[in-house]
>>> print(open('input_26.cif').read())   # mmCIF, N, CA and C atoms
data_model
loop_
_atom_site.label_atom_id
_atom_site.label_comp_id
_atom_site.auth_asym_id
_atom_site.auth_seq_id
_atom_site.Cartn_x
_atom_site.Cartn_y
_atom_site.Cartn_z
N MET A 128 -6.71 77.88 48.36
CA MET A 128 -6.75 76.89 49.43
C MET A 128 -6.75 75.48 48.83
N GLU A 129 -7.62 75.27 47.87
CA GLU A 129 -7.71 73.96 47.21
C GLU A 129 -6.42 73.61 46.48
N GLN A 130 -5.80 74.63 45.89
CA GLN A 130 -4.56 74.41 45.15
C GLN A 130 -3.44 74.01 46.11
N ASP A 131 -3.40 74.60 47.31
CA ASP A 131 -2.40 74.24 48.31
C ASP A 131 -2.58 72.80 48.76
N LYS A 132 -3.84 72.39 48.89
CA LYS A 132 -4.13 71.01 49.27
C LYS A 132 -3.64 70.05 48.21
N ASN A 133 -3.89 70.37 46.94
CA ASN A 133 -3.44 69.51 45.85
C ASN A 133 -1.91 69.45 45.79
N LYS A 134 -1.26 70.60 46.00
CA LYS A 134 0.20 70.63 46.00
C LYS A 134 0.75 69.75 47.10
N GLY A 135 0.15 69.84 48.27
CA GLY A 135 0.59 69.02 49.40
C GLY A 135 0.37 67.53 49.13
N TYR A 136 -0.75 67.22 48.50
CA TYR A 136 -1.06 65.83 48.17
C TYR A 136 -0.02 65.27 47.20
N PHE A 137 0.27 66.01 46.14
CA PHE A 137 1.24 65.53 45.15
C PHE A 137 2.65 65.45 45.72
N LYS A 138 2.97 66.38 46.61
CA LYS A 138 4.28 66.34 47.27
C LYS A 138 4.40 65.11 48.16
N ALA A 139 3.35 64.82 48.90
CA ALA A 139 3.35 63.63 49.76
C ALA A 139 3.40 62.35 48.93
N LYS A 140 2.66 62.35 47.82
CA LYS A 140 2.65 61.18 46.95
C LYS A 140 4.04 60.94 46.36
N GLU A 141 4.73 61.99 45.97
CA GLU A 141 6.08 61.88 45.42
C GLU A 141 7.06 61.38 46.49
N LYS A 142 6.91 61.85 47.71
CA LYS A 142 7.76 61.42 48.82
C LYS A 142 7.57 59.92 49.07
N VAL A 143 6.33 59.47 49.07
CA VAL A 143 6.04 58.05 49.27
C VAL A 143 6.63 57.23 48.13
N ARG A 144 6.56 57.74 46.91
CA ARG A 144 7.14 57.03 45.77
C ARG A 144 8.65 56.89 45.92
N HIS A 145 9.32 57.95 46.38
CA HIS A 145 10.76 57.90 46.58
C HIS A 145 11.13 56.85 47.64
N ILE A 146 10.36 56.80 48.71
CA ILE A 146 10.63 55.81 49.76
C ILE A 146 10.40 54.40 49.23
N LYS A 147 9.34 54.21 48.45
CA LYS A 147 9.03 52.90 47.87
C LYS A 147 10.16 52.45 46.93
N VAL A 148 10.65 53.35 46.09
CA VAL A 148 11.75 53.02 45.17
C VAL A 148 13.01 52.67 45.97
N PHE A 149 13.26 53.40 47.07
CA PHE A 149 14.41 53.08 47.90
C PHE A 149 14.31 51.66 48.47
N TYR A 150 13.13 51.28 48.94
CA TYR A 150 12.98 49.92 49.48
C TYR A 150 13.18 48.86 48.41
N TYR A 151 12.69 49.10 47.21
CA TYR A 151 12.96 48.17 46.10
C TYR A 151 14.47 48.10 45.83
N HIS A 152 15.12 49.23 45.83
CA HIS A 152 16.56 49.29 45.61
C HIS A 152 17.29 48.52 46.72
N LEU A 153 16.85 48.65 47.96
CA LEU A 153 17.46 47.96 49.08
C LEU A 153 17.29 46.45 48.96
N VAL A 154 16.11 46.00 48.56
CA VAL A 154 15.88 44.55 48.38
C VAL A 154 16.77 44.01 47.26
N LEU A 155 16.84 44.73 46.15
CA LEU A 155 17.70 44.31 45.05
C LEU A 155 19.16 44.26 45.49
N PHE A 156 19.59 45.24 46.27
CA PHE A 156 20.95 45.27 46.79
C PHE A 156 21.23 44.04 47.65
N ILE A 157 20.31 43.68 48.52
CA ILE A 157 20.51 42.51 49.39
C ILE A 157 20.59 41.23 48.57
N VAL A 158 19.73 41.09 47.57
CA VAL A 158 19.75 39.90 46.71
C VAL A 158 21.09 39.80 45.98
N VAL A 159 21.52 40.90 45.39
CA VAL A 159 22.79 40.89 44.65
C VAL A 159 23.96 40.65 45.60
N LEU A 160 23.89 41.21 46.79
CA LEU A 160 24.94 41.00 47.78
C LEU A 160 25.06 39.52 48.15
N ILE A 161 23.93 38.87 48.32
CA ILE A 161 23.93 37.44 48.62
C ILE A 161 24.52 36.65 47.45
N LEU A 162 24.11 36.98 46.23
CA LEU A 162 24.64 36.28 45.06
C LEU A 162 26.14 36.49 44.89
N LEU A 163 26.62 37.70 45.12
CA LEU A 163 28.05 37.96 45.02
C LEU A 163 28.82 37.24 46.13
N SER A 164 28.23 37.16 47.30
CA SER A 164 28.88 36.43 48.39
C SER A 164 28.98 34.94 48.06
N ILE A 165 27.94 34.39 47.46
CA ILE A 165 27.98 32.99 47.03
C ILE A 165 29.03 32.82 45.95
N ASN A 166 29.14 33.81 45.07
CA ASN A 166 30.15 33.77 44.02
C ASN A 166 31.56 33.71 44.61
N PHE A 167 31.79 34.44 45.71
CA PHE A 167 33.08 34.37 46.39
C PHE A 167 33.40 32.96 46.86
N LEU A 168 32.37 32.27 47.33
CA LEU A 168 32.59 30.92 47.84
C LEU A 168 32.97 29.93 46.74
N TYR A 169 32.43 30.13 45.55
CA TYR A 169 32.65 29.19 44.46
C TYR A 169 33.82 29.55 43.55
N LEU A 170 34.47 30.68 43.80
CA LEU A 170 35.61 31.03 42.97
C LEU A 170 36.77 30.08 43.28
N ASP A 171 37.26 29.48 42.25
CA ASP A 171 38.36 28.53 42.41
C ASP A 171 39.68 29.29 42.38
N GLU A 172 40.56 28.98 43.30
CA GLU A 172 41.84 29.68 43.35
C GLU A 172 42.74 29.32 42.17
N ASN A 173 42.49 28.20 41.54
CA ASN A 173 43.29 27.80 40.39
C ASN A 173 42.86 28.50 39.10
N ASN A 174 41.75 29.14 39.16
CA ASN A 174 41.24 29.85 38.00
C ASN A 174 42.13 31.08 37.74
N PRO A 175 42.61 31.26 36.52
CA PRO A 175 43.49 32.41 36.25
C PRO A 175 42.78 33.76 36.37
N TYR A 176 41.47 33.77 36.33
CA TYR A 176 40.71 35.02 36.41
C TYR A 176 40.12 35.27 37.79
N SER A 177 40.44 34.44 38.76
CA SER A 177 39.82 34.57 40.08
C SER A 177 40.16 35.90 40.75
N GLU A 178 41.39 36.38 40.60
CA GLU A 178 41.76 37.66 41.20
C GLU A 178 40.93 38.80 40.60
N PHE A 179 40.72 38.76 39.30
CA PHE A 179 39.91 39.79 38.64
C PHE A 179 38.48 39.77 39.18
N PHE A 180 37.89 38.57 39.29
CA PHE A 180 36.51 38.48 39.75
C PHE A 180 36.37 38.89 41.22
N ILE A 181 37.36 38.55 42.02
CA ILE A 181 37.32 38.97 43.42
C ILE A 181 37.39 40.49 43.51
N LEU A 182 38.29 41.09 42.76
CA LEU A 182 38.41 42.55 42.75
C LEU A 182 37.13 43.21 42.20
N PHE A 183 36.62 42.67 41.10
CA PHE A 183 35.42 43.23 40.47
C PHE A 183 34.22 43.13 41.41
N ASN A 184 34.03 41.97 42.05
CA ASN A 184 32.91 41.81 42.98
C ASN A 184 33.07 42.73 44.19
N SER A 185 34.29 42.88 44.66
CA SER A 185 34.51 43.75 45.81
C SER A 185 34.21 45.21 45.47
N ILE A 186 34.61 45.63 44.29
CA ILE A 186 34.33 47.00 43.87
C ILE A 186 32.82 47.22 43.75
N ILE A 187 32.12 46.25 43.18
CA ILE A 187 30.66 46.36 43.06
C ILE A 187 30.02 46.49 44.44
N ILE A 188 30.47 45.67 45.38
CA ILE A 188 29.88 45.70 46.73
C ILE A 188 30.15 47.05 47.40
N VAL A 189 31.37 47.53 47.33
CA VAL A 189 31.71 48.79 48.00
C VAL A 189 30.97 49.97 47.37
N VAL A 190 31.00 50.06 46.06
CA VAL A 190 30.35 51.19 45.39
C VAL A 190 28.84 51.15 45.60
N TRP A 191 28.23 49.98 45.48
CA TRP A 191 26.78 49.90 45.64
C TRP A 191 26.38 50.17 47.08
N THR A 192 27.22 49.78 48.05
CA THR A 192 26.92 50.09 49.45
C THR A 192 26.91 51.59 49.67
N VAL A 193 27.87 52.29 49.11
CA VAL A 193 27.90 53.75 49.23
C VAL A 193 26.66 54.36 48.56
N VAL A 194 26.32 53.87 47.39
CA VAL A 194 25.15 54.39 46.67
C VAL A 194 23.87 54.14 47.46
N ILE A 195 23.73 52.95 48.05
CA ILE A 195 22.49 52.64 48.79
C ILE A 195 22.40 53.50 50.05
N ILE A 196 23.54 53.79 50.68
CA ILE A 196 23.53 54.66 51.86
C ILE A 196 23.11 56.08 51.46
N LEU A 197 23.68 56.57 50.37
CA LEU A 197 23.31 57.92 49.91
C LEU A 197 21.85 57.98 49.47
N HIS A 198 21.38 56.95 48.79
CA HIS A 198 19.99 56.91 48.36
C HIS A 198 19.07 56.88 49.58
N GLY A 199 19.44 56.10 50.58
CA GLY A 199 18.63 56.03 51.80
C GLY A 199 18.58 57.35 52.54
N ARG A 200 19.71 58.02 52.64
CA ARG A 200 19.74 59.33 53.30
C ARG A 200 18.87 60.33 52.55
N TRP A 201 18.89 60.26 51.22
CA TRP A 201 18.10 61.20 50.42
C TRP A 201 16.61 60.87 50.51
N ALA A 202 16.27 59.59 50.38
CA ALA A 202 14.85 59.21 50.37
C ALA A 202 14.21 59.32 51.74
N LEU A 203 14.98 59.08 52.79
CA LEU A 203 14.42 59.06 54.14
C LEU A 203 14.80 60.30 54.94
N LYS A 204 15.20 61.35 54.26
CA LYS A 204 15.60 62.55 54.99
C LYS A 204 14.45 63.06 55.84
N GLY A 205 14.79 63.42 57.04
CA GLY A 205 13.76 63.89 57.96
C GLY A 205 13.10 62.77 58.72
N LYS A 206 13.34 61.53 58.34
CA LYS A 206 12.77 60.40 59.05
C LYS A 206 13.76 59.96 60.12
N SER A 207 13.25 59.54 61.22
CA SER A 207 14.10 59.06 62.30
C SER A 207 13.47 57.78 62.85
N ILE A 208 14.31 56.83 63.17
CA ILE A 208 13.80 55.59 63.73
C ILE A 208 13.21 55.87 65.11
N PHE A 209 13.95 56.62 65.91
CA PHE A 209 13.50 56.97 67.25
C PHE A 209 13.15 58.45 67.27
N LYS A 210 11.86 58.74 67.17
CA LYS A 210 11.42 60.13 67.16
C LYS A 210 11.46 60.70 68.57
N LYS A 211 11.37 62.02 68.65
CA LYS A 211 11.35 62.67 69.95
C LYS A 211 10.14 62.15 70.73
N GLY A 212 10.37 61.89 71.96
CA GLY A 212 9.29 61.40 72.80
C GLY A 212 9.14 59.89 72.77
N TRP A 213 9.88 59.21 71.91
CA TRP A 213 9.77 57.76 71.81
C TRP A 213 10.18 57.10 73.11
N GLU A 214 11.30 57.57 73.68
CA GLU A 214 11.78 56.99 74.93
C GLU A 214 10.76 57.20 76.05
N ASP A 215 10.23 58.41 76.12
CA ASP A 215 9.24 58.70 77.16
C ASP A 215 8.01 57.83 77.00
N GLN A 216 7.56 57.65 75.77
CA GLN A 216 6.38 56.84 75.51
C GLN A 216 6.62 55.39 75.91
N LYS A 217 7.79 54.84 75.55
CA LYS A 217 8.11 53.46 75.90
C LYS A 217 8.24 53.28 77.41
N MET A 218 8.87 54.23 78.08
CA MET A 218 9.00 54.15 79.53
C MET A 218 7.63 54.17 80.19
N LYS A 219 6.74 55.01 79.67
CA LYS A 219 5.39 55.10 80.22
C LYS A 219 4.65 53.77 80.02
N GLU A 220 4.81 53.15 78.83
CA GLU A 220 4.18 51.86 78.57
C GLU A 220 4.69 50.79 79.53
N TYR A 221 6.01 50.74 79.73
CA TYR A 221 6.58 49.73 80.63
C TYR A 221 6.15 49.96 82.08
N LEU A 222 6.09 51.23 82.50
CA LEU A 222 5.64 51.52 83.85
C LEU A 222 4.18 51.12 84.05
N GLU A 223 3.33 51.40 83.04
CA GLU A 223 1.93 51.00 83.13
C GLU A 223 1.79 49.49 83.17
N LYS A 224 2.58 48.80 82.35
CA LYS A 224 2.53 47.35 82.32
C LYS A 224 2.99 46.76 83.65
N GLU A 225 4.05 47.33 84.21
CA GLU A 225 4.57 46.87 85.50
C GLU A 225 3.56 47.13 86.61
N GLU A 226 2.90 48.27 86.53
CA GLU A 226 1.89 48.63 87.52
C GLU A 226 0.71 47.66 87.45
N GLU A 227 0.30 47.29 86.24
CA GLU A 227 -0.78 46.33 86.07
C GLU A 227 -0.40 44.98 86.64
N GLU A 228 0.84 44.56 86.40
CA GLU A 228 1.29 43.26 86.91
C GLU A 228 1.34 43.24 88.42
N THR A 229 1.75 44.33 89.05
CA THR A 229 1.82 44.38 90.51
C THR A 229 0.42 44.41 91.11
N THR A 230 -0.54 45.05 90.43
CA THR A 230 -1.90 45.07 90.98
C THR A 230 -2.55 43.71 90.83
N LEU A 231 -2.15 42.92 89.85
CA LEU A 231 -2.73 41.58 89.71
C LEU A 231 -2.25 40.65 90.82
N TRP A 232 -1.05 40.83 91.31
CA TRP A 232 -0.50 39.96 92.34
C TRP A 232 -0.94 40.36 93.74
N GLU A 233 -1.46 41.55 93.90
CA GLU A 233 -1.88 41.99 95.24
C GLU A 233 -3.28 41.61 95.53
#
>>> encode(input="input_26.cif", output="structure tokens")
Amino acid sequence: MEQDKNKGYFKAKEKVRHIKVFYYHLVLFIVVLILLSINFLYLDENNPYSEFFILFNSIIIVVWTVVIILHGRWALKGKSIFKKGWEDQKMKEYLEKEEEETTLWE
């Protein structure tokens, strides 16, 4: 019994670590994406290497976007933004709030 608890604890800890690493990866991706976008703005068309840098930056953006999507799907598997019952819970909250507002005006 105790061993199962420890196994579950370490499994949960590993899952949290994977999610944490994904968020760090996502932040780094956004920073690099911003820097590459700024690089696009400053590339001079008269520069003989501008076509190479545009192609290279575009390849980096496309490949890293695919990698970040795959990493996110792997790290957040089983997670859903809108869980079952979320709509029902929100509707119930809004109905209760509306009911409170109508009782205040009466």
>>> resolve_selection(input="input_26.cif", expression="the PyMOL selection byres (((chain A and resi 146-154 and name CA) around 10) and name CA)", output="CSV table (one decimal) with N, CA and C atoms, in the frame of the given file")
chain,number,residue,atom,x,y,z
A,141,GLU,N,4.7,62.0,46.0
A,141,GLU,CA,6.1,61.9,45.4
A,141,GLU,C,7.1,61.4,46.5
A,142,LYS,N,6.9,61.8,47.7
A,142,LYS,CA,7.8,61.4,48.8
A,142,LYS,C,7.6,59.9,49.1
A,143,VAL,N,6.3,59.5,49.1
A,143,VAL,CA,6.0,58.0,49.3
A,143,VAL,C,6.6,57.2,48.1
A,144,ARG,N,6.6,57.7,46.9
A,144,ARG,CA,7.1,57.0,45.8
A,144,ARG,C,8.6,56.9,45.9
A,145,HIS,N,9.3,58.0,46.4
A,145,HIS,CA,10.8,57.9,46.6
A,145,HIS,C,11.1,56.8,47.6
A,155,LEU,N,16.8,44.7,46.2
A,155,LEU,CA,17.7,44.3,45.0
A,155,LEU,C,19.2,44.3,45.5
A,156,PHE,N,19.6,45.2,46.3
A,156,PHE,CA,21.0,45.3,46.8
A,156,PHE,C,21.2,44.0,47.6
A,157,ILE,N,20.3,43.7,48.5
A,157,ILE,CA,20.5,42.5,49.4
A,157,ILE,C,20.6,41.2,48.6
A,158,VAL,N,19.7,41.1,47.6
A,158,VAL,CA,19.8,39.9,46.7
A,158,VAL,C,21.1,39.8,46.0
A,159,VAL,N,21.5,40.9,45.4
A,159,VAL,CA,22.8,40.9,44.6
A,159,VAL,C,24.0,40.6,45.6
A,160,LEU,N,23.9,41.2,46.8
A,160,LEU,CA,24.9,41.0,47.8
A,160,LEU,C,25.1,39.5,48.2
A,192,THR,N,27.2,49.8,48.0
A,192,THR,CA,26.9,50.1,49.4
A,192,THR,C,26.9,51.6,49.7
A,195,ILE,N,23.7,53.0,48.0
A,195,ILE,CA,22.5,52.6,48.8
A,195,ILE,C,22.4,53.5,50.0
A,196,ILE,N,23.5,53.8,50.7
A,196,ILE,CA,23.5,54.7,51.9
A,196,ILE,C,23.1,56.1,51.5
A,198,HIS,N,21.4,57.0,48.8
A,198,HIS,CA,20.0,56.9,48.4
A,198,HIS,C,19.1,56.9,49.6
A,199,GLY,N,19.4,56.1,50.6
A,199,GLY,CA,18.6,56.0,51.8
A,199,GLY,C,18.6,57.4,52.5
A,200,ARG,N,19.7,58.0,52.6
A,200,ARG,CA,19.7,59.3,53.3
A,200,ARG,C,18.9,60.3,52.6
A,201,TRP,N,18.9,60.3,51.2
A,201,TRP,CA,18.1,61.2,50.4
A,201,TRP,C,16.6,60.9,50.5
A,202,ALA,N,16.3,59.6,50.4
A,202,ALA,CA,14.8,59.2,50.4
A,202,ALA,C,14.2,59.3,51.7
A,203,LEU,N,15.0,59.1,52.8
A,203,LEU,CA,14.4,59.1,54.1
A,203,LEU,C,14.8,60.3,54.9
A,204,LYS,N,15.2,61.4,54.3
A,204,LYS,CA,15.6,62.6,55.0
A,204,LYS,C,14.4,63.1,55.8
>>> atom_distance(input="input_26.cif", atom1="atom N of Asn174 in chain A", atom2="CA of Val190 in chain A")
25.6 Å
>>> axis_aligned_box(input="input_26.cif", around="range 144-156 of chain A", padding_each_side="4 Å", output="lines of an AutoDock Vina configuration file")
center_x = 13.9
center_y = 51.0
center_z = 47.4
size_x = 22.7
size_y = 21.9
size_z = 12.7
>>> closest_residue(input="input_26.cif", among="A:Asn184, A:Leu222, A:Phe137, A:Asp131", to="Ser164 in chain A", atoms="only N, CA and C atoms")
A:Asn184
>>> atom_distance(input="input_26.cif", atom1="atom N of Asn166 in chain A", atom2="atom C of Ile187 in chain A")
12.7 Å
>>> atom_distance(input="input_26.cif", atom1="CA of Asp215 in chain A", atom2="CA of Ala139 in chain A")
28.5 Å
>>> select_by_dssp(input="input_26.cif", residues="range 194-229 of chain A", states="alpha helix (DSSP H)", output="PDB file with N, CA and C atoms, in the frame of the given file")
ATOM      1  N   VAL A 194      26.320  53.870  47.390  1.00  0.00           N
ATOM      2  CA  VAL A 194      25.150  54.390  46.670  1.00  0.00           C
ATOM      3  C   VAL A 194      23.870  54.140  47.460  1.00  0.00           C
ATOM      4  N   ILE A 195      23.730  52.950  48.050  1.00  0.00           N
ATOM      5  CA  ILE A 195      22.490  52.640  48.790  1.00  0.00           C
ATOM      6  C   ILE A 195      22.400  53.500  50.050  1.00  0.00           C
ATOM      7  N   ILE A 196      23.540  53.790  50.680  1.00  0.00           N
ATOM      8  CA  ILE A 196      23.530  54.660  51.860  1.00  0.00           C
ATOM      9  C   ILE A 196      23.110  56.080  51.460  1.00  0.00           C
ATOM     10  N   LEU A 197      23.680  56.570  50.370  1.00  0.00           N
ATOM     11  CA  LEU A 197      23.310  57.920  49.910  1.00  0.00           C
ATOM     12  C   LEU A 197      21.850  57.980  49.470  1.00  0.00           C
ATOM     13  N   HIS A 198      21.380  56.950  48.790  1.00  0.00           N
ATOM     14  CA  HIS A 198      19.990  56.910  48.360  1.00  0.00           C
ATOM     15  C   HIS A 198      19.070  56.880  49.580  1.00  0.00           C
ATOM     16  N   GLY A 199      19.440  56.100  50.580  1.00  0.00           N
ATOM     17  CA  GLY A 199      18.630  56.030  51.800  1.00  0.00           C
ATOM     18  C   GLY A 199      18.580  57.350  52.540  1.00  0.00           C
ATOM     19  N   ARG A 200      19.710  58.020  52.640  1.00  0.00           N
ATOM     20  CA  ARG A 200      19.740  59.330  53.300  1.00  0.00           C
ATOM     21  C   ARG A 200      18.870  60.330  52.550  1.00  0.00           C
ATOM     22  N   TRP A 201      18.890  60.260  51.220  1.00  0.00           N
ATOM     23  CA  TRP A 201      18.100  61.200  50.420  1.00  0.00           C
ATOM     24  C   TRP A 201      16.610  60.870  50.510  1.00  0.00           C
ATOM     25  N   ALA A 202      16.270  59.590  50.380  1.00  0.00           N
ATOM     26  CA  ALA A 202      14.850  59.210  50.370  1.00  0.00           C
ATOM     27  C   ALA A 202      14.210  59.320  51.740  1.00  0.00           C
ATOM     28  N   TRP A 213       9.880  59.210  71.910  1.00  0.00           N
ATOM     29  CA  TRP A 213       9.770  57.760  71.810  1.00  0.00           C
ATOM     30  C   TRP A 213      10.180  57.100  73.110  1.00  0.00           C
ATOM     31  N   GLU A 214      11.300  57.570  73.680  1.00  0.00           N
ATOM     32  CA  GLU A 214      11.780  56.990  74.930  1.00  0.00           C
ATOM     33  C   GLU A 214      10.760  57.200  76.050  1.00  0.00           C
ATOM     34  N   ASP A 215      10.230  58.410  76.120  1.00  0.00           N
ATOM     35  CA  ASP A 215       9.240  58.700  77.160  1.00  0.00           C
ATOM     36  C   ASP A 215       8.010  57.830  77.000  1.00  0.00           C
ATOM     37  N   GLN A 216       7.560  57.650  75.770  1.00  0.00           N
ATOM     38  CA  GLN A 216       6.380  56.840  75.510  1.00  0.00           C
ATOM     39  C   GLN A 216       6.620  55.390  75.910  1.00  0.00           C
ATOM     40  N   LYS A 217       7.790  54.840  75.550  1.00  0.00           N
ATOM     41  CA  LYS A 217       8.110  53.460  75.900  1.00  0.00           C
ATOM     42  C   LYS A 217       8.240  53.280  77.410  1.00  0.00           C
ATOM     43  N   MET A 218       8.870  54.230  78.080  1.00  0.00           N
ATOM     44  CA  MET A 218       9.000  54.150  79.530  1.00  0.00           C
ATOM     45  C   MET A 218       7.630  54.170  80.190  1.00  0.00           C
ATOM     46  N   LYS A 219       6.740  55.010  79.670  1.00  0.00           N
ATOM     47  CA  LYS A 219       5.390  55.100  80.220  1.00  0.00           C
ATOM     48  C   LYS A 219       4.650  53.770  80.020  1.00  0.00           C
ATOM     49  N   GLU A 220       4.810  53.150  78.830  1.00  0.00           N
ATOM     50  CA  GLU A 220       4.180  51.860  78.570  1.00  0.00           C
ATOM     51  C   GLU A 220       4.690  50.790  79.530  1.00  0.00           C
ATOM     52  N   TYR A 221       6.010  50.740  79.730  1.00  0.00           N
ATOM     53  CA  TYR A 221       6.580  49.730  80.630  1.00  0.00           C
ATOM     54  C   TYR A 221       6.150  49.960  82.080  1.00  0.00           C
ATOM     55  N   LEU A 222       6.090  51.230  82.500  1.00  0.00           N
ATOM     56  CA  LEU A 222       5.640  51.520  83.850  1.00  0.00           C
ATOM     57  C   LEU A 222       4.180  51.120  84.050  1.00  0.00           C
ATOM     58  N   GLU A 223       3.330  51.400  83.040  1.00  0.00           N
ATOM     59  CA  GLU A 223       1.930  51.000  83.130  1.00  0.00           C
ATOM     60  C   GLU A 223       1.790  49.490  83.170  1.00  0.00           C
ATOM     61  N   LYS A 224       2.580  48.800  82.350  1.00  0.00           N
ATOM     62  CA  LYS A 224       2.530  47.350  82.320  1.00  0.00           C
ATOM     63  C   LYS A 224       2.990  46.760  83.650  1.00  0.00           C
ATOM     64  N   GLU A 225       4.050  47.330  84.210  1.00  0.00           N
ATOM     65  CA  GLU A 225       4.570  46.870  85.500  1.00  0.00           C
ATOM     66  C   GLU A 225       3.560  47.130  86.610  1.00  0.00           C
ATOM     67  N   GLU A 226       2.900  48.270  86.530  1.00  0.00           N
ATOM     68  CA  GLU A 226       1.890  48.630  87.520  1.00  0.00           C
ATOM     69  C   GLU A 226       0.710  47.660  87.450  1.00  0.00           C
ATOM     70  N   GLU A 227       0.300  47.290  86.240  1.00  0.00           N
ATOM     71  CA  GLU A 227      -0.780  46.330  86.070  1.00  0.00           C
ATOM     72  C   GLU A 227      -0.400  44.980  86.640  1.00  0.00           C
ATOM     73  N   GLU A 228       0.840  44.560  86.400  1.00  0.00           N
ATOM     74  CA  GLU A 228       1.290  43.260  86.910  1.00  0.00           C
ATOM     75  C   GLU A 228       1.340  43.240  88.420  1.00  0.00           C
ATOM     76  N   THR A 229       1.750  44.330  89.050  1.00  0.00           N
ATOM     77  CA  THR A 229       1.820  44.380  90.510  1.00  0.00           C
ATOM     78  C   THR A 229       0.420  44.410  91.110  1.00  0.00           C
TER      79      THR A 229
END
>>> decode(input="input_26.cif", residues="range 177-183 of chain A", atoms="all heavy atoms", output="mmCIF file, in the first residue's frame")
data_model
loop_
_atom_site.group_PDB
_atom_site.id
_atom_site.type_symbol
_atom_site.label_atom_id
_atom_site.label_comp_id
_atom_site.auth_asym_id
_atom_site.auth_seq_id
_atom_site.Cartn_x
_atom_site.Cartn_y
_atom_site.Cartn_z
ATOM 1 N N SER A 177 20.143 38.565 -47.432
ATOM 2 C CA SER A 177 18.817 38.726 -46.831
ATOM 3 C C SER A 177 17.887 37.555 -47.171
ATOM 4 O O SER A 177 17.117 37.111 -46.326
ATOM 5 C CB SER A 177 18.180 40.050 -47.239
ATOM 6 O OG SER A 177 17.914 40.061 -48.619
ATOM 7 N N GLU A 178 17.959 37.043 -48.396
ATOM 8 C CA GLU A 178 17.106 35.906 -48.760
ATOM 9 C C GLU A 178 17.437 34.679 -47.909
ATOM 10 O O GLU A 178 16.541 33.962 -47.477
ATOM 11 C CB GLU A 178 17.279 35.560 -50.234
ATOM 12 C CG GLU A 178 16.613 36.521 -51.172
ATOM 13 C CD GLU A 178 16.741 36.091 -52.618
ATOM 14 O OE1 GLU A 178 16.954 34.883 -52.874
ATOM 15 O OE2 GLU A 178 16.630 36.970 -53.483
ATOM 16 N N PHE A 179 18.718 34.449 -47.669
ATOM 17 C CA PHE A 179 19.131 33.317 -46.838
ATOM 18 C C PHE A 179 18.585 33.468 -45.421
ATOM 19 O O PHE A 179 18.042 32.512 -44.851
ATOM 20 C CB PHE A 179 20.659 33.202 -46.797
ATOM 21 C CG PHE A 179 21.145 32.251 -45.744
ATOM 22 C CD1 PHE A 179 21.046 30.882 -45.924
ATOM 23 C CD2 PHE A 179 21.669 32.736 -44.553
ATOM 24 C CE1 PHE A 179 21.478 30.009 -44.938
ATOM 25 C CE2 PHE A 179 22.093 31.872 -43.568
ATOM 26 C CZ PHE A 179 22.003 30.498 -43.760
ATOM 27 N N PHE A 180 18.719 34.679 -44.840
ATOM 28 C CA PHE A 180 18.262 34.879 -43.470
ATOM 29 C C PHE A 180 16.742 34.792 -43.360
ATOM 30 O O PHE A 180 16.216 34.268 -42.377
ATOM 31 C CB PHE A 180 18.774 36.205 -42.913
ATOM 32 C CG PHE A 180 20.227 36.158 -42.542
ATOM 33 C CD1 PHE A 180 21.150 36.942 -43.212
ATOM 34 C CD2 PHE A 180 20.682 35.324 -41.545
ATOM 35 C CE1 PHE A 180 22.491 36.894 -42.887
ATOM 36 C CE2 PHE A 180 22.022 35.270 -41.204
ATOM 37 C CZ PHE A 180 22.928 36.055 -41.882
ATOM 38 N N ILE A 181 16.040 35.277 -44.365
ATOM 39 C CA ILE A 181 14.582 35.160 -44.355
ATOM 40 C C ILE A 181 14.179 33.687 -44.404
ATOM 41 O O ILE A 181 13.328 33.237 -43.633
ATOM 42 C CB ILE A 181 13.957 35.953 -45.520
ATOM 43 C CG1 ILE A 181 14.103 37.451 -45.256
ATOM 44 C CG2 ILE A 181 12.493 35.578 -45.714
ATOM 45 C CD1 ILE A 181 13.679 38.329 -46.415
ATOM 46 N N LEU A 182 14.804 32.929 -45.281
ATOM 47 C CA LEU A 182 14.505 31.502 -45.385
ATOM 48 C C LEU A 182 14.885 30.764 -44.096
ATOM 49 O O LEU A 182 14.103 29.956 -43.577
ATOM 50 C CB LEU A 182 15.248 30.892 -46.571
ATOM 51 C CG LEU A 182 15.050 29.399 -46.793
ATOM 52 C CD1 LEU A 182 13.595 29.101 -47.155
ATOM 53 C CD2 LEU A 182 15.986 28.898 -47.863
ATOM 54 N N PHE A 183 16.063 31.063 -43.565
ATOM 55 C CA PHE A 183 16.541 30.406 -42.350
ATOM 56 C C PHE A 183 15.620 30.713 -41.164
ATOM 57 O O PHE A 183 15.236 29.804 -40.419
ATOM 58 C CB PHE A 183 17.974 30.858 -42.056
ATOM 59 C CG PHE A 183 18.620 30.144 -40.921
ATOM 60 C CD1 PHE A 183 18.969 28.812 -41.026
ATOM 61 C CD2 PHE A 183 18.875 30.811 -39.725
ATOM 62 C CE1 PHE A 183 19.572 28.152 -39.976
ATOM 63 C CE2 PHE A 183 19.468 30.161 -38.677
ATOM 64 C CZ PHE A 183 19.821 28.823 -38.796
#
